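Enquirer: Dumping the structure here so I can ask a few things about it.
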Amino acid sequence: MKFKIRKNLVKNRNKRIIYTQGTGKRSLTIILVGLFGISSWLLLAVFQKSAPNFPVAIRTNDFGSNFLANRFFLWQIPILGLILIVLNSILARVLRDSEERLSFFLKSVNIGIAVLILLISVQIYLLNR
């Protein structure tokens with residue numbers, strides 16, 4: 001496989017010109033889509049397994065009190081994560097030229113959000129087996 005190496009001119013604080021490679025947008029996109037795909041399939045399995053009027057366990061603790069919700073609540077979790085990722089991506093694109101470090105940080109936060117959504121989906125799936 002040949003990868004195109006794109007060189008961008010970036011000026012740093014000392015007014016020197018530095019050549020940098022591309023940011024690896026494809027790998028970030030593949031990671032985000034993969035994590036959201038796995039979490040969506042897990043939540044779909046819980047959604048199909050539960051009855052329409054039967055609550056789904058979201059969280060339990062040692063004292064026996066459970067956090068129960070309607071099965072349609074399951075779709076609010078990935079939708080909220082998707083909204084946050086879209087907002088971070090828009091901000092990263094707007095700030096790409098002026099604040100390069102902040103743009104990179106926002107892109108990194110997107111992966112963190114996707115991992116959290118995946119962990120929440122795994123927890124809900126394991127509680128409702």
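Numbering starts fresh at 1 for the residues of each chain in the structure tokens, the chains themselves are lettered A, B, ... in the order given, and ligands are numbered from 1 as they appear.
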Which residues are close to segment 98-113 of chain A, i.e. within 9 Å by only C-alpha atoms, leaving aside same-chain residues fewer than 5 positions away? Reply as a PyMOL selection string.

Expert: chain A and resi 23+28+31-32+35+81-82+84-86+88-89+91-93+118

Enquirer: Put those residues in a file: N, CA and C atoms, as a PDB file, in the first residue's frame.

Expert:
```
ATOM      1  N   THR A  23      -1.968  14.413   9.181  1.00  0.00           N
ATOM      2  CA  THR A  23      -2.388  14.149  10.553  1.00  0.00           C
ATOM      3  C   THR A  23      -2.959  12.755  10.757  1.00  0.00           C
ATOM      4  N   LEU A  28      -7.904   7.893  12.420  1.00  0.00           N
ATOM      5  CA  LEU A  28      -8.812   8.402  13.438  1.00  0.00           C
ATOM      6  C   LEU A  28     -10.256   8.075  13.087  1.00  0.00           C
ATOM      7  N   ILE A  31     -10.926   4.316  13.628  1.00  0.00           N
ATOM      8  CA  ILE A  31     -11.051   4.001  15.049  1.00  0.00           C
ATOM      9  C   ILE A  31     -12.410   4.430  15.582  1.00  0.00           C
ATOM     10  N   LEU A  32     -12.829   5.659  15.258  1.00  0.00           N
ATOM     11  CA  LEU A  32     -14.117   6.151  15.758  1.00  0.00           C
ATOM     12  C   LEU A  32     -15.287   5.340  15.216  1.00  0.00           C
ATOM     13  N   LEU A  35     -15.299   1.806  16.913  1.00  0.00           N
ATOM     14  CA  LEU A  35     -15.787   1.808  18.298  1.00  0.00           C
ATOM     15  C   LEU A  35     -17.291   2.043  18.360  1.00  0.00           C
ATOM     16  N   GLY A  81     -22.983  10.821  22.594  1.00  0.00           N
ATOM     17  CA  GLY A  81     -21.574  10.728  22.225  1.00  0.00           C
ATOM     18  C   GLY A  81     -21.314  11.222  20.817  1.00  0.00           C
ATOM     19  N   LEU A  82     -22.217  10.919  19.900  1.00  0.00           N
ATOM     20  CA  LEU A  82     -22.064  11.377  18.527  1.00  0.00           C
ATOM     21  C   LEU A  82     -22.170  12.897  18.433  1.00  0.00           C
ATOM     22  N   LEU A  84     -21.346  15.036  20.808  1.00  0.00           N
ATOM     23  CA  LEU A  84     -20.097  15.577  21.351  1.00  0.00           C
ATOM     24  C   LEU A  84     -18.939  15.440  20.362  1.00  0.00           C
ATOM     25  N   ILE A  85     -18.868  14.320  19.670  1.00  0.00           N
ATOM     26  CA  ILE A  85     -17.801  14.119  18.694  1.00  0.00           C
ATOM     27  C   ILE A  85     -17.940  15.076  17.514  1.00  0.00           C
ATOM     28  N   VAL A  86     -19.161  15.302  17.060  1.00  0.00           N
ATOM     29  CA  VAL A  86     -19.369  16.248  15.951  1.00  0.00           C
ATOM     30  C   VAL A  86     -18.981  17.660  16.373  1.00  0.00           C
ATOM     31  N   ASN A  88     -16.825  18.543  18.747  1.00  0.00           N
ATOM     32  CA  ASN A  88     -15.366  18.599  18.874  1.00  0.00           C
ATOM     33  C   ASN A  88     -14.686  18.630  17.507  1.00  0.00           C
ATOM     34  N   SER A  89     -15.222  17.884  16.553  1.00  0.00           N
ATOM     35  CA  SER A  89     -14.628  17.879  15.215  1.00  0.00           C
ATOM     36  C   SER A  89     -14.780  19.227  14.535  1.00  0.00           C
ATOM     37  N   LEU A  91     -15.070  22.153  16.079  1.00  0.00           N
ATOM     38  CA  LEU A  91     -14.138  23.064  16.752  1.00  0.00           C
ATOM     39  C   LEU A  91     -12.693  22.807  16.338  1.00  0.00           C
ATOM     40  N   ALA A  92     -12.318  21.543  16.191  1.00  0.00           N
ATOM     41  CA  ALA A  92     -10.946  21.215  15.778  1.00  0.00           C
ATOM     42  C   ALA A  92     -10.663  21.726  14.369  1.00  0.00           C
ATOM     43  N   ARG A  93     -11.648  21.644  13.498  1.00  0.00           N
ATOM     44  CA  ARG A  93     -11.452  22.132  12.137  1.00  0.00           C
ATOM     45  C   ARG A  93     -11.358  23.653  12.090  1.00  0.00           C
ATOM     46  N   LEU A 118     -18.183   2.941  24.302  1.00  0.00           N
ATOM     47  CA  LEU A 118     -18.000   1.496  24.178  1.00  0.00           C
ATOM     48  C   LEU A 118     -18.034   0.819  25.542  1.00  0.00           C
TER      49      LEU A 118
END
```

Enquirer: Between A:Leu74, A:Ala51, A:Ile83, A:Ile30, single out the one closest to Val122 of chain A, counting only C-alpha atoms.

Expert: A:Leu74

Enquirer: Please identify all polymer residues within 10 Å of Lys49 of chain A, counting only C-alpha atoms, omitting same-chain residues fewer than 6 positions from it, and present them as JSON, numbers by chain.

Expert: {"A": [43, 56, 71, 128, 129]}

Enquirer: Could you turn the residues from that selection into a file that holds N, CA and C atoms, as a JSON list (two decimals), in the first residue's frame?

Expert:
```
[["chain", "number", "residue", "atom", "x", "y", "z"],
["A", 43, "LEU", "N", -25.61, -2.55, 21.97],
["A", 43, "LEU", "CA", -26.88, -1.96, 22.44],
["A", 43, "LEU", "C", -28.06, -2.51, 21.64],
["A", 56, "VAL", "N", -34.66, -2.00, 31.46],
["A", 56, "VAL", "CA", -33.30, -2.46, 31.19],
["A", 56, "VAL", "C", -32.41, -1.96, 32.33],
["A", 71, "ARG", "N", -36.17, 0.74, 27.51],
["A", 71, "ARG", "CA", -35.21, 0.27, 26.52],
["A", 71, "ARG", "C", -34.90, 1.31, 25.46],
["A", 128, "ASN", "N", -27.36, -7.18, 31.24],
["A", 128, "ASN", "CA", -28.64, -7.66, 30.71],
["A", 128, "ASN", "C", -28.48, -8.91, 29.86],
["A", 129, "ARG", "N", -27.53, -9.76, 30.18],
["A", 129, "ARG", "CA", -27.34, -10.99, 29.42],
["A", 129, "ARG", "C", -28.48, -11.94, 29.61]]
```

Enquirer: When DSSP works through the backbone of this structure, what residues of segment 42-76 of chain A end up as strand (DSSP E or B), shown as a ChimeraX atom specification?

Expert: /A:56-60,66-69

Enquirer: Could you turn the residues from that selection into a file that holds C-alpha atoms, as a compact mmCIF listing (two decimals), in the first residue's frame?

Expert:
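Output contents, as saved in again.txt:
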```
# COMPACT_ATOMS: atom_id res chain seq x y z
CA VAL A 56 -33.30 -2.46 31.19
CA ALA A 57 -30.65 -2.44 33.96
CA ILE A 58 -28.21 0.38 33.34
CA ARG A 59 -26.18 0.13 36.57
CA THR A 60 -26.19 -1.99 39.75
CA ASN A 66 -30.45 -0.75 40.44
CA PHE A 67 -30.74 2.05 37.93
CA LEU A 68 -33.43 0.88 35.55
CA ALA A 69 -34.58 2.61 32.40
```

Enquirer: When you count only C-alpha atoms, which of these residues is closest to Asn53 of chain A: A:Ile90, A:Ile124, A:Asn70, A:Ile38?

Expert: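 Comparing A:Ile90, A:Ile124, A:Asn70, A:Ile38 against Asn53 of chain A, the winner is A:Asn70.
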
Enquirer: Please identify the helix (DSSP H, G or I) residues within segment 27-81 of chain A (assignment by DSSP from backbone atoms) and present them as a ChimeraX atom specification.

Expert: /A:27-49,71-81

Enquirer: Atoms to include: C-alpha atoms. Write the selected residues as a PDB file, in the first residue's frame.

Expert:
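The resulting file, out03.pdb, is shown below:
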```
ATOM      1  CA  SER A  27      -6.867   6.133  11.067  1.00  0.00           C
ATOM      2  CA  LEU A  28      -8.812   8.402  13.438  1.00  0.00           C
ATOM      3  CA  THR A  29     -11.968   7.940  11.394  1.00  0.00           C
ATOM      4  CA  ILE A  30     -11.531   4.163  11.276  1.00  0.00           C
ATOM      5  CA  ILE A  31     -11.051   4.001  15.049  1.00  0.00           C
ATOM      6  CA  LEU A  32     -14.117   6.151  15.758  1.00  0.00           C
ATOM      7  CA  VAL A  33     -16.361   4.262  13.328  1.00  0.00           C
ATOM      8  CA  GLY A  34     -15.149   0.921  14.663  1.00  0.00           C
ATOM      9  CA  LEU A  35     -15.787   1.808  18.298  1.00  0.00           C
ATOM     10  CA  PHE A  36     -19.230   3.209  17.531  1.00  0.00           C
ATOM     11  CA  GLY A  37     -20.058   0.175  15.417  1.00  0.00           C
ATOM     12  CA  ILE A  38     -19.203  -2.261  18.206  1.00  0.00           C
ATOM     13  CA  SER A  39     -21.131  -0.259  20.809  1.00  0.00           C
ATOM     14  CA  SER A  40     -24.162   0.052  18.523  1.00  0.00           C
ATOM     15  CA  TRP A  41     -24.267  -3.708  17.942  1.00  0.00           C
ATOM     16  CA  LEU A  42     -24.054  -4.378  21.682  1.00  0.00           C
ATOM     17  CA  LEU A  43     -26.881  -1.963  22.435  1.00  0.00           C
ATOM     18  CA  LEU A  44     -28.934  -3.418  19.589  1.00  0.00           C
ATOM     19  CA  ALA A  45     -28.520  -6.900  21.098  1.00  0.00           C
ATOM     20  CA  VAL A  46     -29.810  -5.636  24.465  1.00  0.00           C
ATOM     21  CA  PHE A  47     -32.635  -3.740  22.759  1.00  0.00           C
ATOM     22  CA  GLN A  48     -33.832  -6.814  20.868  1.00  0.00           C
ATOM     23  CA  LYS A  49     -33.536  -9.082  23.905  1.00  0.00           C
ATOM     24  CA  ARG A  71     -35.210   0.268  26.524  1.00  0.00           C
ATOM     25  CA  PHE A  72     -35.446   3.374  24.323  1.00  0.00           C
ATOM     26  CA  PHE A  73     -32.993   5.055  26.726  1.00  0.00           C
ATOM     27  CA  LEU A  74     -30.264   2.867  25.223  1.00  0.00           C
ATOM     28  CA  TRP A  75     -30.156   4.963  22.052  1.00  0.00           C
ATOM     29  CA  GLN A  76     -29.637   8.224  23.933  1.00  0.00           C
ATOM     30  CA  ILE A  77     -26.145   7.144  25.002  1.00  0.00           C
ATOM     31  CA  PRO A  78     -24.544   6.834  21.532  1.00  0.00           C
ATOM     32  CA  ILE A  79     -26.502   9.825  20.203  1.00  0.00           C
ATOM     33  CA  LEU A  80     -25.076  12.015  22.983  1.00  0.00           C
ATOM     34  CA  GLY A  81     -21.574  10.728  22.225  1.00  0.00           C
TER      35      GLY A  81
END
```

Enquirer: So what do you get for atom CA of Leu127 of chain A versus atom CA of Asp62 of chain A, distance-wise?

Expert: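 Atom-to-atom, atom CA of Leu127 of chain A to atom CA of Asp62 of chain A, that is 13.5 Å.
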